[in-house]
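Okay, so here's the structure we're looking at.
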Amino acid sequence: MKETILNKVFLHGADYNPEQWFDRPDILERDIEMMKEANCNVMSVGIFSWSVHEPEEGKFELDWLEKVLDKLYENGIYAVLATPSGARPRWMAQKYPEVLRVNENLDRNLMGDRHNHCYTSPIYREKTAIINRMLAERFAEHPGVILWHLSNEYCGICYCPLCQEAFRNWIKKKYETLDNLNSKWWTAFWSHTYTDWSQVESPIRRGEGSINALKIDWDRFCSDQTIDFMQHEIDSVKSVNPNIPVTTNLMYHYGGIDGFKLGRKLDIVSWDAYPEWHMGDDVKQAINFAFYHDLMRSILNKPFLLMESTPSTTNWKKFSKMKKLGFHVLSSMLAVAHGSNSVQYFQWRQSRGCSEKFHSAVVSHYGGNDDRVFQDVCEMGKILKVVPEITQTATRADVCLIYDWENRWGLDHSNGPRNFDKGYIKAINEHYSALRKLAVMVDVTDMEGDISSYKMVVAPMLYMYRAGFAGRIRAFVENGGTFVGTYWSGIVNEFDLTYLGGMPGELTDVFGLRSTEIDALGDEQRNAVIPVSKSAFCESEYPCFRYCDVPKVSTADVLLTYKGDYYAGEAALTVNKYGKGKAFYMATAFDAKLLTEIYGTLVRDLKIEQAAVDLPHGVLACLRENDKYKYVFYQNFNDAPAEVVLPQNAEVMLGGAKMPAYGVTIVKRVLPN
Amino acid sequence: MKETILNKVFLHGADYNPEQWFDRPDILERDIEMMKEANCNVMSVGIFSWSVHEPEEGKFELDWLEKVLDKLYENGIYAVLATPSGARPRWMAQKYPEVLRVNENLDRNLMGDRHNHCYTSPIYREKTAIINRMLAERFAEHPGVILWHLSNEYCGICYCPLCQEAFRNWIKKKYETLDNLNSKWWTAFWSHTYTDWSQVESPIRRGEGSINALKIDWDRFCSDQTIDFMQHEIDSVKSVNPNIPVTTNLMYHYGGIDGFKLGRKLDIVSWDAYPEWHMGDDVKQAINFAFYHDLMRSILNKPFLLMESTPSTTNWKKFSKMKKLGFHVLSSMLAVAHGSNSVQYFQWRQSRGCSEKFHSAVVSHYGGNDDRVFQDVCEMGKILKVVPEITQTATRADVCLIYDWENRWGLDHSNGPRNFDKGYIKAINEHYSALRKLAVMVDVTDMEGDISSYKMVVAPMLYMYRAGFAGRIRAFVENGGTFVGTYWSGIVNEFDLTYLGGMPGELTDVFGLRSTEIDALGDEQRNAVIPVSKSAFCESEYPCFRYCDVPKVSTADVLLTYKGDYYAGEAALTVNKYGKGKAFYMATAFDAKLLTEIYGTLVRDLKIEQAAVDLPHGVLACLRENDKYKYVFYQNFNDAPAEVVLPQNAEVMLGGAKMPAYGVTIVKRVLPN
Amino acid sequence: MKETILNKVFLHGADYNPEQWFDRPDILERDIEMMKEANCNVMSVGIFSWSVHEPEEGKFELDWLEKVLDKLYENGIYAVLATPSGARPRWMAQKYPEVLRVNENLDRNLMGDRHNHCYTSPIYREKTAIINRMLAERFAEHPGVILWHLSNEYCGICYCPLCQEAFRNWIKKKYETLDNLNSKWWTAFWSHTYTDWSQVESPIRRGEGSINALKIDWDRFCSDQTIDFMQHEIDSVKSVNPNIPVTTNLMYHYGGIDGFKLGRKLDIVSWDAYPEWHMGDDVKQAINFAFYHDLMRSILNKPFLLMESTPSTTNWKKFSKMKKLGFHVLSSMLAVAHGSNSVQYFQWRQSRGCSEKFHSAVVSHYGGNDDRVFQDVCEMGKILKVVPEITQTATRADVCLIYDWENRWGLDHSNGPRNFDKGYIKAINEHYSALRKLAVMVDVTDMEGDISSYKMVVAPMLYMYRAGFAGRIRAFVENGGTFVGTYWSGIVNEFDLTYLGGMPGELTDVFGLRSTEIDALGDEQRNAVIPVSKSAFCESEYPCFRYCDVPKVSTADVLLTYKGDYYAGEAALTVNKYGKGKAFYMATAFDAKLLTEIYGTLVRDLKIEQAAVDLPHGVLACLRENDKYKYVFYQNFNDAPAEVVLPQNAEVMLGGAKMPAYGVTIVKRVLPN
């Protein structure tokens, strides 16, 4: 790889679209001055620039880009260079309608918006390869170019005939015989037996809707097809010059792509974080985004980039709330604390027209440097310059949380026991939140990830056990690990076929119990759990909600039982010794307080490292470390001062023990050799 | 008809789909054992089995079915044999797209789901006839086959060209001339005059939407076309062998088919009851389903079958709640108390895949006989075995409630006075509920039913008076009957043309009043009614809601008046003597308490039989009877014990006077000769 | 113009559709009698009558209409004669499908409903011209015909190829070059550059959605195309005989047509007012409709006609509430007080069928003259007969409110800072309401209107400054006017391009400040404002909501500041002296009480005329005047009596100082010479 500032200093910068301002050279000049003033060292350029690169088919104009890259580099600003495939030029859509998507109603889209191109289309792939290679040939050696930004926020699906054909081939390859397909998809149900491969079609509202496995496979295919398109882009740039690493910007909430599968193809993971502050509990929101930062870091198990964030507000949420004083640094440092090596923004300068013109930017329509937002960005850049060493650290976690896109798809398509608010993301968040409040570092992985090195693995609501996963859990526990599973886990295999003979499938002996029934509670309904004698986990009664699984215990010890309903007295929390380890089973959803008590006990018992202890409410703490130092980040998400106990003999790099409202403190501890 | 167990013992069984388990002979063996253990004597087989019966066009394979029927029969289990038309095989959809429906946007559906076939399609009809005849030829004489189960839950509509053409013919036959059509549909409004029959099209969102009569006729046509398709199925099996009675399973809430019109074509009415327990007031829910049981029994005025119910939960509601202890028997016996001669389940064994895999079943994925649900089913079967004599009883009612699908369609399409929550089903439920709480047996019929033998006829919100109905009411009252009508009744005739000269149309003299205005109340708005001097019906003030009709009274006596608004003092409840009878008019919606007071008085005055008196809250009582005995059912829907006063000299068949929570008691009284 | 009763007496009448009753001559006879009894002097005829006029293509039958017009005229009833283009005959839709609209999904509608014809279609235009000329040739000289009623409630849009082509031409004419188009539409964003005019398409959900300027232009085009169609209708009737004035009935809430641009083509403005009474605060509802009456009067700055209103209820709202006693006159007089020279109804007689049959009418289905509604109409007619002189008055206003359709479209399509409930109509209403409660007469105009003669101009939320508008405001203030602007104003120009360098664009010096940030508040979130020292405008703290703009003040005086959040202490209300006038800036949304205090002070300071002072809550007062008299209308919208202080030496024309619930009082003051 090319020697660049990557992972040597923190990147600070933004998406930059000078092509919107070709007729205003004064503004382009001013941009460079202000970038330096704002302590920026990187700009993402070329995102959505295809119509400038190739204004007519086959007519390429890249001189403008060279000038921009030169100018930036001359001023100490590096470039993340985008492939332009996030939006096709209008001439292409007009000449080759096949590049446009077909929607779920099977109507071809018209030209418009951004992600609106078929990832299968050979023409789109060809056109993408041409422009990407052209960019690579011309700019890969440019000293300012440090990273490829592949397309932008890959997303969306297409139902066109080309995609249908590709799907059929994907299915054929996977199942090999129609008998196998019919068996795995359980098509005897409702006479849905396939008698010819040509009968395979994507699930749509006015078509096949009852075969859950088909729906999950369609999700997998769409994800795979997107990743395949991305690989096509990677190949097109790396074939010219393999020296520039590649990234693309992921979207945390996006359900359409398996983030682990995609991310593992990248050199660096980056993502776009847009928390919604000040519309509710900011601490909750911070933990919510802490999770996604941890997820992104965990994909490649190394520092990631915060590719986009807003200097102030987005413009596409219900309400565009301004960040309160100090919140910009606080919010940005949340990413850094969890492993980001950058703070980057969408966008450098607000556009004058179209749908994102009111998304905030480093430079507003006003254009001056005396605005609060611009000042906030300057300060952020200043702070990052102070702590460059932190970029050469890693995050070490004793705990791993399983979050799996295929499981999510399986749950999404399943019918019952709850059909609204099934609660997977909520469950993930509830468990993560308890651990985060305990200042425990958490890795996140899917069912393919290596879990052997952790002290504890937590897998909430793991409805689907993908092939091999149950075996790995068994081995993990056998070898001394602590596994935490919950209600509605191990229900189906990877084909969405239910386990027969007892659930959680393949692991009833590891848990020492079998689930017999599961009661869905209405949104307002509550049951309660109470301790069995002097349980370590709770002293009195706690509410439980959403699902109440009723397990039949064999070898497990019962720790908590239900208080009410016909299953009063049945087990609600159990632990089973298996091999050298333990498997906990949470039969129902516990509230935040009880989860924190339970995990607090486990953290103590298992000697799981905490970044800090006895934190005031609303203060989060995180660790990054290298061979010599541990860097401890404290962040105060309260709208009031808070005080923390700093570790002895630690060097304060930022802030201090007395934290103002929305304050950030960083200290550096020397590791014992 | 063939001699079978039908109407000799209670049927107890489930939908059985062994074709999903062909590769598991061990499971098929175990099924038979467990059926016997669960006291089952019937299984519904062949539902949705077309792709097994005819895996390729013209290639039939029915040996599997013979084996299943034999095996069942050898083990004392009878079969309800289904025609497979509830879902077509995939090869058929592929080869003959015309069998698939066209949706309301005029797009052809793709293969998928179950009811997704055009009832008009000649090809679908031909294919159905072939397979049905084949089944009849082979199995009608099988000693185990006792009943045809036609298709499954007929439903849905199609907008294809074939249906459009059939609709045009239906319209042409009904109206004969365009002048007549234009006059009846009032097409001078908005220049909608038809000048050629070819202009008749189904109402769709982007087409004709303002002719209410067209919409109602489309509803009638779609209902008729479904019934015609069912008749085609009946003909196909009866033409081979007329000895097996036919049924199909209706859905209570389904608005798309006139249940009376369809049901009258059957030998036995059956239906699928899926109450939602424990998500609100269980007593209300019980009464709601009691109504539908009464409705189903009334269609042919004889015992019906509970063709489907869930052993535990469904999986398609918002929340899948487990039934509490004892509730399975209680819920099942609600059907029996109201005239069911069976307790049948969907489904025998849970499928491993597809959209219904989490619908509960007698045998769960676990597969053991030690689960609560399986035990509940065993117990239910045991109880039914104890009281077979009750199958040879009828239900006798003094009161008839008018519930009419055409009226419902008319109301659905009418614009004003309320456009959301018009309240027809609610009004039906409110009146029925008051009568049910008084333990009065109620028959339910439409405007075609014979009402001459009842003491009282109640017709809430009868917006549309179908041809001849007003005359029958007039005769009924003249001959001494008591008729109860309400606000928003007699507004239009069967063509949705309003009555001129005063409403309720044709009956202003019978009611002794004329409606002048009707005020729609907002959902939260209330008025009140107060008694005129010492009314027999209420002592103080009661709230009223939804609609406030302001009648101008001629010969009627005013019993209650409005308390508030500009129509304070105007009549809210009246009675008019007409001939030998009386007609009551409820000008507004009364609450449950007032309705119970009013009907309580009427029951007393008219000497209407009650199954029991002075019942504790939440305990329902019902009668079934034959020439010798009256069987009284008491059901305690409270989550607490209750005590009832049993009739003297009655034999207790089940339970007793002291009823546990969710308890059922049956006693048998000897009738005086 | 023809000499008629227009503007000599008040018109009182209704939409009349005798063509629905051709087979009931008795009813047609009875109509005339009842019209006279109801004091009606006008009927609107021929609306939606095309299928009667031209039952087959090219076969015209207008004799019926002549008979109707004769009969009416003989009985002293004039006619507003409609062109029938509000609904096309069925034969036309069948023969020429191009006359039917194409919907937003690009599917052609089927025949149905009323407004469902393409305004671009040459065939529809040709057919309209033929029938219109035919009507004009035959009836323009009829002594009873006083006004053309063009079509009916023009509305709706079409996406057909003809409209697409017309839109492309409209765009080409407006922008002239593709470079200009790309620059104004900011198409470098997301590579949306147009390289050929043929690429211009209407915005649709599955097409172009991100170019806000395209969406606004599409709105403008659709509005223009409708107006162009109306002009085509005007030409067709005026080319035959220019002596009959033209009107069409507008819909207040309708966003699809620029009401000012359309209205300015008419001889008389008329509109259809359907307030929803008794479902909330009637006073608020009255003020809401007072605004629309003022708007309609202001379009041509002369008396308008209330073309439609309901004698009792509509049938298309959620709840059809009856008007309380006295409310019919009160509601009708609200129009008159604000400048209407008529009270007209939809509809004379309720139709027997179709979707409007339950809309109330002067004559109900019952048909008698002893109904309350009929009596109310009689009384209304009687009152109007007493005050004919008021038709020769004008309304004089010191205050002008800017309400602009293009601004509304711009806001509708903009993304952020709030994306739900942006609040434009609410802001308009809040400001208008404060002025109305102060009994100030208000004119309403758009950004094209002449504002030079007003003392005060109020322009809430003027997001878009159309070309020239800022200059006119600058001149207005320079010349001594008082201008009131608010948050989120002057953000973009007419191309939806944001202003650079400071907002409100072009007027930062006039306001003496610059907006720096704007904080969107959640629906439940509140901040507060407090006075700077002893502000004239408020003494303590008031809540503020929706948006909090944070201005940086240069020359303005700060009157109120924010109390909370990070911008506490920043300006919330300012005033800037500029030239001989003043510009106020409201940085946030104030509540009703504070707005009334602020405007109360301004009204006092600027000596703005009030129709009355010290009015009790819920009593509104209005003025109409001519050279000699001022007519003061008092209207009591309370459900309780109220007392007002009448001006001295004024002649009481109706009512008096003691007003009953829902009472109306009119007094006449002599103007000093």
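Residues in the structure tokens are named by chain (A, B, ... in the order shown) and by number from 1 within that chain; ligands are numbered from 1 in the order shown.
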Query raised in the report: Any idea which chain B residues end up within 6 Å of chain A if we count only C-alpha atoms, as a list in words please?
Result: Gln20, Phe48, Ser49, Trp50, Ser51, Pro89, Asn109, Leu110, Met111, Gly112, Asp113, Asn315, Lys318, Phe319, Ser320, Lys321, Met322, Lys324, Arg352, Gly353, Cys354, Ser355, His365 and Tyr366 of chain B
Export, as a short mmCIF file (atom, residue, chain, number, x, y, z; two decimals), in the first residue's frame, the selected residues with N, CA and C atoms.
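again-v1.cif was written with the following content:
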data_model
loop_
_atom_site.label_atom_id
_atom_site.label_comp_id
_atom_site.auth_asym_id
_atom_site.auth_seq_id
_atom_site.Cartn_x
_atom_site.Cartn_y
_atom_site.Cartn_z
N GLN B 20 -46.65 -33.33 3.80
CA GLN B 20 -45.45 -32.55 4.16
C GLN B 20 -44.37 -33.44 4.78
N PHE B 48 -55.25 -28.08 0.18
CA PHE B 48 -54.05 -27.56 -0.48
C PHE B 48 -53.12 -28.66 -1.01
N SER B 49 -53.67 -29.82 -1.36
CA SER B 49 -52.78 -30.92 -1.75
C SER B 49 -52.68 -31.12 -3.26
N TRP B 50 -53.12 -30.14 -4.03
CA TRP B 50 -53.20 -30.35 -5.47
C TRP B 50 -51.86 -30.75 -6.09
N SER B 51 -50.78 -30.10 -5.65
CA SER B 51 -49.49 -30.40 -6.29
C SER B 51 -49.03 -31.83 -6.00
N PRO B 89 -51.47 -25.70 -8.35
CA PRO B 89 -50.06 -26.07 -8.49
C PRO B 89 -49.32 -25.00 -9.30
N ASN B 109 -51.54 -10.88 -10.96
CA ASN B 109 -50.70 -11.44 -9.90
C ASN B 109 -49.75 -12.47 -10.47
N LEU B 110 -48.68 -12.70 -9.75
CA LEU B 110 -47.82 -13.84 -10.07
C LEU B 110 -48.27 -15.01 -9.22
N MET B 111 -47.74 -16.17 -9.52
CA MET B 111 -47.98 -17.35 -8.68
C MET B 111 -47.57 -17.01 -7.25
N GLY B 112 -48.39 -17.44 -6.31
CA GLY B 112 -48.01 -17.21 -4.92
C GLY B 112 -49.21 -17.35 -4.01
N ASP B 113 -48.92 -17.50 -2.73
CA ASP B 113 -49.95 -17.58 -1.70
C ASP B 113 -51.00 -18.65 -2.02
N ASN B 315 -50.64 -17.49 14.51
CA ASN B 315 -49.35 -16.82 14.36
C ASN B 315 -49.46 -15.62 13.45
N LYS B 318 -51.34 -9.76 15.75
CA LYS B 318 -50.27 -8.88 16.22
C LYS B 318 -49.45 -9.58 17.30
N PHE B 319 -50.14 -10.17 18.24
CA PHE B 319 -49.46 -10.89 19.32
C PHE B 319 -50.03 -12.30 19.42
N SER B 320 -49.18 -13.27 19.52
CA SER B 320 -49.64 -14.66 19.68
C SER B 320 -49.67 -14.99 21.16
N LYS B 321 -50.84 -14.81 21.75
CA LYS B 321 -50.98 -15.07 23.19
C LYS B 321 -51.30 -16.53 23.43
N MET B 322 -50.63 -17.13 24.42
CA MET B 322 -50.98 -18.48 24.84
C MET B 322 -52.31 -18.44 25.58
N LYS B 324 -54.65 -19.29 28.60
CA LYS B 324 -54.39 -19.57 30.01
C LYS B 324 -54.95 -20.95 30.37
N ARG B 352 -42.84 -27.44 9.17
CA ARG B 352 -41.47 -27.01 9.51
C ARG B 352 -41.09 -25.72 8.81
N GLY B 353 -41.80 -25.40 7.73
CA GLY B 353 -41.42 -24.21 6.98
C GLY B 353 -42.63 -23.42 6.56
N CYS B 354 -42.38 -22.28 5.96
CA CYS B 354 -43.40 -21.40 5.39
C CYS B 354 -44.21 -20.66 6.45
N SER B 355 -45.17 -19.90 5.95
CA SER B 355 -45.74 -18.82 6.73
C SER B 355 -46.61 -19.24 7.89
N HIS B 365 -43.55 -28.67 17.05
CA HIS B 365 -42.26 -29.05 16.47
C HIS B 365 -41.51 -29.99 17.40
N TYR B 366 -41.68 -29.78 18.66
CA TYR B 366 -41.05 -30.66 19.64
C TYR B 366 -41.51 -32.09 19.42
#
Requested in this report: Tell me which protein, DNA and RNA residues are within 12 Å of His253 of chain A, counting only C-alpha atoms, leaving out same-chain ones fewer than 6 positions away, and put them as a list of chain:residue names.
Outcome: A:Glu153, A:Cys155, A:Gly259, A:Trp271, A:Asp272, A:Ala273, A:Tyr274, A:Pro275, A:Asn288, A:Phe289, A:Phe291, A:Tyr292, A:His293, A:Leu295, A:Met296, A:Trp405, A:Arg408, A:Ile425
Query - Secondary structure check, strand (DSSP E or B) residues of segment 270-460 of chain A, as a PyMOL selection string - result: chain A and resi 270-272+304-308+319+340+342-345+349+363+394+399-402+418+440+442-445+456-459
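By chain and then residue number, the residues within 8 Å of Leu438 of chain C are C:Thr596, C:Gly600, C:Gln610, C:Ala612, C:Val613, counting only C-alpha atoms and disregarding those fewer than 6 positions away in sequence.
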Requested in this report: Could you give me, as a ChimeraX atom specification, each residue of segment 321-549 of chain A that DSSP assigns to alpha helix (DSSP H) when run on this structure's backbone?
Outcome: /A:327-337,372-386,405-413,424-437,469-478,508-511
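If you measure from each of C:Ser433, C:Thr247, C:Asn182, C:Thr391 to Pro303 of chain C using only C-alpha atoms, the closest one turns out to be C:Thr391.
Between atom CA of Leu262 of chain B and atom CA of Ser332 of chain B lies a distance of 24.7 Å.
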Query raised in the report: Could you pull the residues within 6 Å of segment 457-470 of chain A, counting only C-alpha atoms, minus those fewer than 3 positions along the same chain, as a ChimeraX atom specification?
Result: /A:399-402,407,473,483-486,488-494
Requested in this report: Identify, on the basis of only C-alpha atoms, every residue whose closest approach to Arg114 of chain A does not exceed 8 Å; exclude the query and any residue fewer than 3 positions from it along the same chain; express the result as a PyMOL selection string.
Outcome: (chain A and resi 86-88) or (chain C and resi 190)
